[in-house]
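Colleague: mmCIF, C-alpha atoms and all ligand atoms, file target.cif:
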data_start
loop_
_atom_site.label_atom_id
_atom_site.label_comp_id
_atom_site.auth_asym_id
_atom_site.auth_seq_id
_atom_site.Cartn_x
_atom_site.Cartn_y
_atom_site.Cartn_z
CA MET K 210 82.57 107.07 72.69
CA LYS K 211 84.12 110.29 73.90
CA ILE K 212 86.60 109.94 76.76
CA ILE K 213 86.53 113.06 78.92
CA THR K 214 87.80 114.31 82.27
CA GLU K 215 85.93 115.93 85.14
CA GLU K 216 86.32 119.35 83.45
CA GLN K 217 83.81 118.39 80.73
CA ILE K 218 81.35 116.81 83.14
CA ASP K 219 78.60 119.35 82.29
CA GLU K 220 78.47 118.02 78.75
CA ALA K 221 78.14 114.42 79.95
CA ALA K 222 75.47 115.33 82.53
CA LEU K 223 73.35 117.02 79.87
CA CYS K 224 73.75 114.02 77.57
CA LEU K 225 72.69 111.72 80.41
CA ARG K 226 69.64 113.80 81.17
CA ASN K 227 68.66 113.75 77.50
CA GLY K 228 68.77 109.98 77.12
CA GLY K 229 72.48 109.30 76.43
CA LEU K 230 74.78 106.70 78.00
CA VAL K 231 77.64 107.82 80.24
CA ALA K 232 80.22 105.60 81.95
CA PHE K 233 81.53 107.10 85.19
CA PRO K 234 83.78 106.19 88.11
CA THR K 235 82.35 105.32 91.51
CA GLU K 236 84.19 104.22 94.66
CA THR K 237 83.28 100.59 93.87
CA VAL K 238 83.51 99.98 90.11
CA TYR K 239 82.73 102.07 87.01
CA GLY K 240 79.02 102.37 86.23
CA LEU K 241 77.28 102.67 82.86
CA GLY K 242 74.57 105.25 83.46
CA ALA K 243 71.31 106.26 81.84
CA ASN K 244 68.44 108.50 82.97
CA ALA K 245 66.51 106.09 85.22
CA LEU K 246 63.22 107.81 84.45
CA ASP K 247 63.61 107.28 80.69
CA PRO K 248 62.89 103.63 79.73
CA VAL K 249 64.32 104.05 76.21
CA ALA K 250 67.62 105.29 77.64
CA VAL K 251 67.61 102.40 80.14
CA ALA K 252 67.03 99.90 77.31
CA GLY K 253 70.18 101.32 75.71
CA ILE K 254 72.23 100.09 78.68
CA PHE K 255 71.27 96.47 77.99
CA GLU K 256 72.06 96.90 74.32
CA ALA K 257 75.48 98.42 75.02
CA LYS K 258 76.35 95.66 77.51
CA LYS K 259 75.09 92.96 75.13
CA ARG K 260 73.08 91.47 77.93
CA PRO K 261 70.99 88.52 76.73
CA SER K 262 68.23 89.29 79.22
CA PHE K 263 67.07 92.23 81.25
CA ASP K 264 68.36 92.49 84.78
CA PRO K 265 67.28 94.88 87.51
CA LEU K 266 69.52 97.94 87.75
CA ILE K 267 70.70 100.02 90.68
CA VAL K 268 69.42 103.59 90.65
CA HIS K 269 72.10 106.08 91.73
CA ILE K 270 71.19 109.25 93.59
CA SER K 271 73.06 112.32 94.85
CA ASP K 272 70.75 113.32 97.68
CA ILE K 273 68.97 111.41 100.47
CA SER K 274 65.71 113.20 99.65
CA GLN K 275 65.52 111.14 96.42
CA LEU K 276 64.86 108.01 98.50
CA SER K 277 61.30 109.08 99.22
CA GLN K 278 60.68 109.65 95.51
CA LEU K 279 61.98 106.26 94.39
CA PHE K 280 60.60 104.12 97.24
CA SER K 281 56.85 103.83 97.76
CA ASN K 282 55.24 105.33 100.83
CA PRO K 283 55.29 104.50 103.64
CA VAL K 284 59.04 103.88 103.50
CA ASP K 285 60.27 101.44 106.16
CA PRO K 286 62.09 103.54 108.84
CA LEU K 287 64.92 101.02 108.61
CA VAL K 288 65.69 102.42 105.15
CA TYR K 289 66.44 105.83 106.64
CA THR K 290 68.44 104.38 109.52
CA LEU K 291 70.58 102.43 107.05
CA ALA K 292 70.89 105.47 104.80
CA SER K 293 72.03 107.72 107.63
CA GLU K 294 74.73 105.22 108.64
CA PHE K 295 76.01 104.10 105.24
CA MET K 296 75.06 106.65 102.57
CA PRO K 297 76.90 107.94 100.66
CA GLY K 298 78.95 104.76 100.31
CA PRO K 299 79.12 101.22 98.94
CA LEU K 300 75.65 100.17 100.11
CA THR K 301 72.60 99.56 97.90
CA ILE K 302 69.15 99.43 99.49
CA VAL K 303 66.41 97.34 97.85
CA HIS K 304 62.89 98.31 98.87
CA ARG K 305 59.38 98.58 97.39
CA LYS K 306 59.42 100.96 94.42
CA SER K 307 57.24 104.00 93.74
CA ALA K 308 55.25 104.48 90.53
CA LEU K 309 57.97 106.85 89.29
CA VAL K 310 60.40 103.99 88.63
CA PRO K 311 59.99 102.36 85.19
CA GLU K 312 59.44 98.59 85.08
CA LEU K 313 62.51 98.13 82.91
CA VAL K 314 64.75 99.41 85.71
CA THR K 315 63.48 96.72 88.07
CA SER K 316 62.86 93.97 85.48
CA GLY K 317 59.22 94.08 86.45
CA MET K 318 59.91 93.42 90.12
CA GLU K 319 58.13 95.41 92.79
CA ASN K 320 61.37 96.47 94.49
CA VAL K 321 63.98 98.94 93.32
CA ALA K 322 67.66 99.08 94.28
CA VAL K 323 69.05 102.52 95.23
CA ARG K 324 72.59 103.65 96.00
CA MET K 325 74.29 106.99 96.67
CA PRO K 326 77.95 106.81 95.56
CA ALA K 327 80.61 108.52 97.67
CA HIS K 328 82.88 109.21 94.67
CA ALA K 329 83.14 112.95 93.90
CA ILE K 330 82.79 112.58 90.11
CA ALA K 331 79.80 110.23 90.40
CA HIS K 332 78.16 112.60 92.86
CA LYS K 333 78.71 115.62 90.62
CA LEU K 334 77.45 113.84 87.51
CA ILE K 335 74.23 112.64 89.14
CA LYS K 336 73.59 116.02 90.73
CA LEU K 337 74.22 117.96 87.50
CA SER K 338 72.06 115.59 85.45
CA GLY K 339 69.15 116.40 87.74
CA VAL K 340 67.76 112.85 87.43
CA PRO K 341 68.30 109.53 89.20
CA VAL K 342 70.80 107.45 87.22
CA ALA K 343 70.30 103.74 86.51
CA ALA K 344 73.69 102.06 86.19
CA PRO K 345 75.09 98.54 86.15
CA SER K 346 78.83 97.97 86.16
CA ALA K 347 80.32 99.31 82.90
CA ASN K 348 81.42 96.01 81.37
CA LEU K 349 80.12 93.72 78.67
CA PHE K 350 77.87 90.93 79.95
CA GLY K 351 79.76 88.37 82.05
CA GLN K 352 83.12 90.19 81.89
CA LEU K 353 85.28 91.58 84.69
CA SER K 354 84.01 94.69 86.44
CA PRO K 355 86.04 97.82 85.56
CA THR K 356 88.07 99.69 88.18
CA SER K 357 89.84 102.02 85.71
CA TYR K 358 88.57 103.98 82.73
CA LYS K 359 90.97 101.89 80.63
CA HIS K 360 89.05 98.75 81.61
CA VAL K 361 85.87 100.40 80.34
CA ALA K 362 87.51 101.65 77.14
CA LYS K 363 88.80 98.20 76.19
CA GLN K 364 85.25 96.75 76.22
CA GLN K 365 84.46 98.98 73.21
CA MET K 366 80.82 99.46 74.11
CA ASP K 367 78.64 101.76 72.08
CA ILE K 368 78.20 104.62 74.58
CA ASP K 369 78.32 108.43 74.45
CA TYR K 370 80.80 109.43 77.17
CA LEU K 371 83.35 107.82 79.42
CA ILE K 372 84.50 110.00 82.30
CA ALA K 373 88.04 109.10 83.34
CA GLY K 374 88.63 109.09 87.08
CA ASP K 375 91.94 109.08 88.89
CA ASP K 376 93.31 105.51 88.90
CA ALA K 377 95.56 106.29 91.83
CA GLU K 378 92.64 107.19 94.07
CA HIS K 379 91.85 104.66 96.75
CA LEU K 380 88.80 102.67 95.78
CA VAL K 381 86.63 100.02 97.39
CA GLY K 382 87.22 97.96 94.25
CA ILE K 383 84.28 95.54 94.40
CA GLU K 384 80.59 96.19 93.90
CA SER K 385 78.36 97.54 96.65
CA THR K 386 76.68 95.44 99.31
CA VAL K 387 73.04 94.92 98.24
CA VAL K 388 70.60 94.77 101.16
CA LEU K 389 66.87 94.10 100.97
CA VAL K 390 64.73 95.96 103.50
CA GLU K 391 61.36 94.30 104.01
CA ASN K 392 58.97 94.29 106.99
CA GLY K 393 61.57 95.75 109.32
CA THR K 394 64.25 93.20 108.40
CA CYS K 395 67.56 93.36 106.51
CA THR K 396 68.72 90.62 104.14
CA ILE K 397 72.02 90.77 102.28
CA LEU K 398 71.45 89.86 98.61
CA ARG K 399 75.04 90.53 97.48
CA PRO K 400 78.00 90.74 99.88
CA GLY K 401 80.37 93.72 99.74
CA VAL K 402 82.84 95.55 101.96
CA ILE K 403 80.01 96.65 104.24
CA THR K 404 79.39 93.31 105.90
CA ALA K 405 76.38 91.78 107.66
CA GLU K 406 78.28 92.27 110.95
CA ASP K 407 78.83 95.99 110.18
CA ILE K 408 75.11 96.54 109.63
CA SER K 409 74.04 94.40 112.52
CA GLN K 410 76.44 96.20 114.91
CA LYS K 411 75.57 99.74 113.80
CA LEU K 412 71.82 99.20 113.79
CA ASN K 413 71.67 96.66 116.57
CA ILE K 414 69.49 94.33 114.50
CA ASN K 415 69.66 90.84 113.14
CA VAL K 416 70.91 90.72 109.53
CA THR K 417 70.39 87.60 107.43
CA ILE K 418 72.35 86.57 104.37
CA ALA K 419 70.15 85.43 101.50
CA SER K 420 70.18 81.77 100.70
CA HIS K 421 70.62 80.81 97.08
CA ASN K 422 66.86 80.30 96.66
CA HIS K 423 66.15 83.78 97.87
CA LYS K 424 68.66 85.14 95.39
CA VAL K 425 66.61 83.89 92.48
CA GLY K 426 64.54 87.01 93.16
CA SER K 427 67.67 89.01 92.40
CA PRO K 428 68.79 88.14 88.89
CA GLY K 429 72.32 89.07 87.94
CA LEU K 430 73.46 86.72 90.64
CA LEU K 431 74.33 84.00 88.19
CA ASN K 432 76.80 81.28 89.13
CA SER K 433 79.21 82.40 86.44
CA HIS K 434 80.05 86.09 86.33
CA TYR K 435 82.93 88.57 86.50
CA SER K 436 85.11 86.40 84.24
CA PRO K 437 88.39 87.37 82.63
CA ARG K 438 88.88 86.43 78.96
CA LYS K 439 91.44 83.80 79.97
CA PRO K 440 91.00 80.66 82.07
CA LEU K 441 91.04 81.44 85.78
CA TYR K 442 91.77 78.83 88.45
CA PHE K 443 92.14 78.82 92.19
CA TYR K 444 95.77 78.46 93.21
CA ASP K 445 96.55 75.61 95.52
CA ASP K 446 99.28 76.30 98.10
CA ASN K 447 101.22 73.17 97.16
CA GLN K 448 101.79 74.17 93.55
CA PHE K 449 105.40 75.37 93.47
CA GLU K 450 105.61 75.27 89.71
CA LEU K 451 102.76 76.41 87.47
CA PRO K 452 102.33 75.52 83.77
CA GLU K 453 104.02 77.74 81.19
CA GLY K 454 102.35 81.12 80.67
CA SER K 455 100.72 81.14 84.11
CA GLY K 456 100.00 84.39 85.85
CA LEU K 457 99.61 84.14 89.62
CA ILE K 458 97.72 86.54 91.89
CA LEU K 459 98.56 86.34 95.59
CA HIS K 460 97.29 88.25 98.62
CA THR K 461 100.35 87.98 100.77
CA THR K 462 104.06 87.94 99.97
CA ALA K 463 104.94 84.35 99.09
CA LEU K 464 106.73 82.39 101.76
CA HIS K 465 108.34 80.06 99.27
CA GLU K 466 109.68 80.24 95.72
CA ILE K 467 106.95 79.73 93.09
CA LYS K 468 107.70 79.38 89.39
CA ALA K 469 105.23 81.41 87.34
CA ALA K 470 105.45 83.68 84.28
CA LYS K 471 104.18 86.61 86.34
CA ILE K 472 103.26 87.14 89.98
CA ILE K 473 101.32 90.13 91.28
CA TYR K 474 99.82 90.96 94.67
CA THR K 475 96.47 92.41 95.71
CA SER K 476 98.03 92.99 99.14
CA HIS K 477 101.35 92.08 100.72
CA THR K 478 99.86 91.39 104.13
CA ALA K 479 96.53 89.66 103.36
CA ASN K 480 94.66 92.84 104.35
CA LEU K 481 91.17 91.99 103.04
CA LEU K 482 90.19 95.59 102.27
CA GLU K 483 93.34 95.87 100.14
CA VAL K 484 92.54 92.54 98.50
CA ALA K 485 89.05 93.79 97.57
CA ALA K 486 90.41 97.16 96.41
CA HIS K 487 92.90 95.57 93.99
CA LEU K 488 91.05 92.39 93.01
CA PHE K 489 89.56 93.45 89.66
CA THR K 490 92.57 95.64 88.87
CA CYS K 491 94.90 92.63 89.21
CA LEU K 492 92.58 90.41 87.15
CA HIS K 493 92.49 93.05 84.40
CA GLU K 494 96.28 93.31 84.49
CA MET K 495 96.56 89.55 83.89
CA GLU K 496 93.86 89.66 81.22
CA ASP K 497 95.80 92.37 79.35
CA ASP K 498 99.26 90.80 79.66
CA THR K 499 100.06 88.95 76.42
CA THR K 500 102.66 86.73 78.13
CA VAL K 501 99.95 85.26 80.35
CA THR K 502 97.69 82.52 78.93
CA GLN K 503 96.00 81.36 82.13
CA ILE K 504 95.54 82.90 85.52
CA TYR K 505 95.79 81.41 89.01
CA ILE K 506 94.50 83.24 92.07
CA ALA K 507 94.83 82.30 95.73
CA PRO K 508 91.56 81.93 97.67
CA VAL K 509 91.01 83.91 100.89
CA GLU K 510 89.36 82.91 104.13
CA GLU K 511 85.58 83.38 103.95
CA LYS K 512 85.23 85.73 106.89
CA GLY K 513 84.16 89.40 106.91
CA VAL K 514 85.17 91.07 103.64
CA GLY K 515 86.66 87.71 102.61
CA ILE K 516 83.08 86.53 101.97
CA SER K 517 82.65 89.22 99.29
CA VAL K 518 86.04 88.52 97.71
CA MET K 519 85.28 84.78 97.50
CA ASP K 520 81.77 85.50 96.17
CA ARG K 521 83.36 87.24 93.15
CA LEU K 522 86.13 84.65 92.75
CA LYS K 523 83.84 81.62 92.88
CA LYS K 524 81.79 83.13 90.06
CA ALA K 525 84.86 84.15 88.07
CA THR K 526 86.38 80.64 88.27
CA TYR K 527 83.05 78.80 87.90
CA GLN K 528 83.34 77.78 84.26
CA TYR K 529 86.84 76.35 84.81
CA ARG K 530 85.97 74.00 87.65
O1 LIG F 601 78.83 99.03 93.28
C1 LIG F 601 77.86 98.80 92.56
O2 LIG F 601 76.79 98.40 93.01
C2 LIG F 601 78.03 99.07 91.04
C3 LIG F 601 78.25 100.58 90.84
C4 LIG F 601 78.26 100.95 89.38
O3 LIG F 601 77.31 101.31 91.56
N1 LIG F 601 76.89 98.60 90.32
C5 LIG F 601 76.64 97.29 90.09
O4 LIG F 601 75.55 97.03 89.28
O5 LIG F 601 77.32 96.41 90.55
P1 LIG F 601 75.22 95.61 88.66
O6 LIG F 601 74.08 95.81 87.72
O7 LIG F 601 76.43 95.01 88.10
O8 LIG F 601 74.67 94.78 89.88
C6 LIG F 601 73.41 95.10 90.46
C7 LIG F 601 73.03 94.09 91.53
C8 LIG F 601 72.68 92.76 90.89
O9 LIG F 601 73.16 91.73 91.73
C9 LIG F 601 71.15 92.80 90.89
O10 LIG F 601 70.57 91.53 90.86
C10 LIG F 601 70.84 93.56 92.17
O11 LIG F 601 71.87 94.53 92.24
N2 LIG F 601 69.56 94.26 92.07
C11 LIG F 601 69.28 95.35 91.35
N3 LIG F 601 67.98 95.68 91.45
C12 LIG F 601 67.43 94.77 92.27
C13 LIG F 601 66.10 94.56 92.76
N4 LIG F 601 65.10 95.35 92.41
N5 LIG F 601 65.89 93.52 93.59
C14 LIG F 601 66.90 92.71 93.95
N6 LIG F 601 68.18 92.84 93.51
C15 LIG F 601 68.44 93.86 92.68
MG MG F 602 78.01 93.73 87.23
#
Output the file's structure as structure tokens, nothing else.

Modeller:
Amino acid sequence: MKIITEEQIDEAALCLRNGGLVAFPTETVYGLGANALDPVAVAGIFEAKKRPSFDPLIVHISDISQLSQLFSNPVDPLVYTLASEFMPGPLTIVHRKSALVPELVTSGMENVAVRMPAHAIAHKLIKLSGVPVAAPSANLFGQLSPTSYKHVAKQQMDIDYLIAGDDAEHLVGIESTVVLVENGTCTILRPGVITAEDISQKLNINVTIASHNHKVGSPGLLNSHYSPRKPLYFYDDNQFELPEGSGLILHTTALHEIKAAKIIYTSHTANLLEVAAHLFTCLHEMEDDTTVTQIYIAPVEEKGVGISVMDRLKKATYQYR
């Protein structure tokens, strides 16, 4: 794996186009990209991530005109309305695929997921490669999503390039909102910082949130996911003293003294966008700290962006409950 900066992006784009694997920053989390039109390259993604089964991948584009190539005609007008409001940005649209999209990208499903990242490096890479780019988050199967190139590097995946972004840049921090467009309706398959209310207000339509049954049609939405390599538990407000070696992640400055080996904050004021932006970064920091043996994290209220934060945390803590 060659770690490069934006200056060598041409090299990485050519590699991507020719079937290589390139990890790159986006405004949500780092993606592990392959040429979406090359099934052999796409298969390489699953191998590098050590995924036990194939999962449908999001296809990343750099131009709105690519929507009509990837989705089958006639494209629901709602797709374009959504795209004009939220693309580029942290929104993924799932809609019936065209014949151009290989089955491996969609795990044999008739829909394909498409997203146009707002991050400058991601945009440049996709544009220079000249192809749509299939990319899951750039982490080994089941592990925490990466929000820094260092998080990608530590996974030691067998890939060609890793493009380092600027860690100080403000990021969304959690994966995109995934919305299914079907028969003139919108259904949220995965919550993100663009909420059901945001879409419903902008488009003046009713937006449903997929029930668990519906989600079976969207693999990758396993109960257990996004897990650090150390036990992770929800922190209960009444615990003033945590066991030895406990790391604690809070979202607001503590009102009372808590005894813990290490305390860090996603936000000092419970600002949910800040919480989302720093969520995976804080979890990685605890995962990497050798003085921490188990991690506690405070829950947030399940409202607005809090729904997305809790979606990730429930999955990350699942195996320890
Ligand atoms: O922000 C993001 O979306 C990041 C960056 C890299 O763009 N990508 C990402 O990819 O989170 P991944 O593979 O970790 O998650 C893709 C999600 C999964 O929940 C998957 O089930 C859903 O999108 N998905 C992909 N294709 C789908 C399809 N055809 N139908 C329904 N759901 C789909
Ligand atoms: Mg993922």

Colleague: Between CA of Ala405 in chain K and CA of Leu389 in chain K, what is the distance in Å, rounded to a tenth?

Modeller: 11.9 Å

Colleague: What is the CA of Leu481 in chain K-CA of Ser346 in chain K distance in Å, reported with one decimal?

Modeller: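 Between these atoms lies a distance of 21.7 Å.
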
Colleague: Here is a test: counting only C-alpha atoms, which residue of K:Lys512, K:Arg226, K:His332, K:Lys359 is nearest to Asp375 in chain K?

Modeller: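 Once distances to Asp375 in chain K are computed over only C-alpha atoms, the minimum belongs to K:Lys359.
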
Colleague: Within 9 Å of (77.0, 90.4, 104.3) (coordinates as in the file), grab all the protein and nucleic acid residues, counting all atoms listed in the file, and write them out as a list of chain:residue names.

Modeller: K:Thr386, K:Val387, K:Val388, K:Thr396, K:Ile397, K:Leu398, K:Arg399, K:Pro400, K:Gly401, K:Val402, K:Ile403, K:Thr404, K:Ala405, K:Glu406, K:Asp407, K:Ile408, K:Val416, K:Thr417, K:Ile418, K:Ala419, K:Gly513, K:Val514, K:Ile516, K:Ser517

Colleague: Measuring atom to atom with all atoms listed in the file, identify which of K:Tyr289, K:Phe280, K:Phe489, K:Tyr358 is nearest to ligand MG 602 (chain F).

Modeller: K:Phe489

Colleague: What lies within 12 Å of Asn447 in chain K using all atoms listed in the file, ignoring chain neighbours under 6 positions off, as a PyMOL selection string?

Modeller: chain K and resi 463-468+507
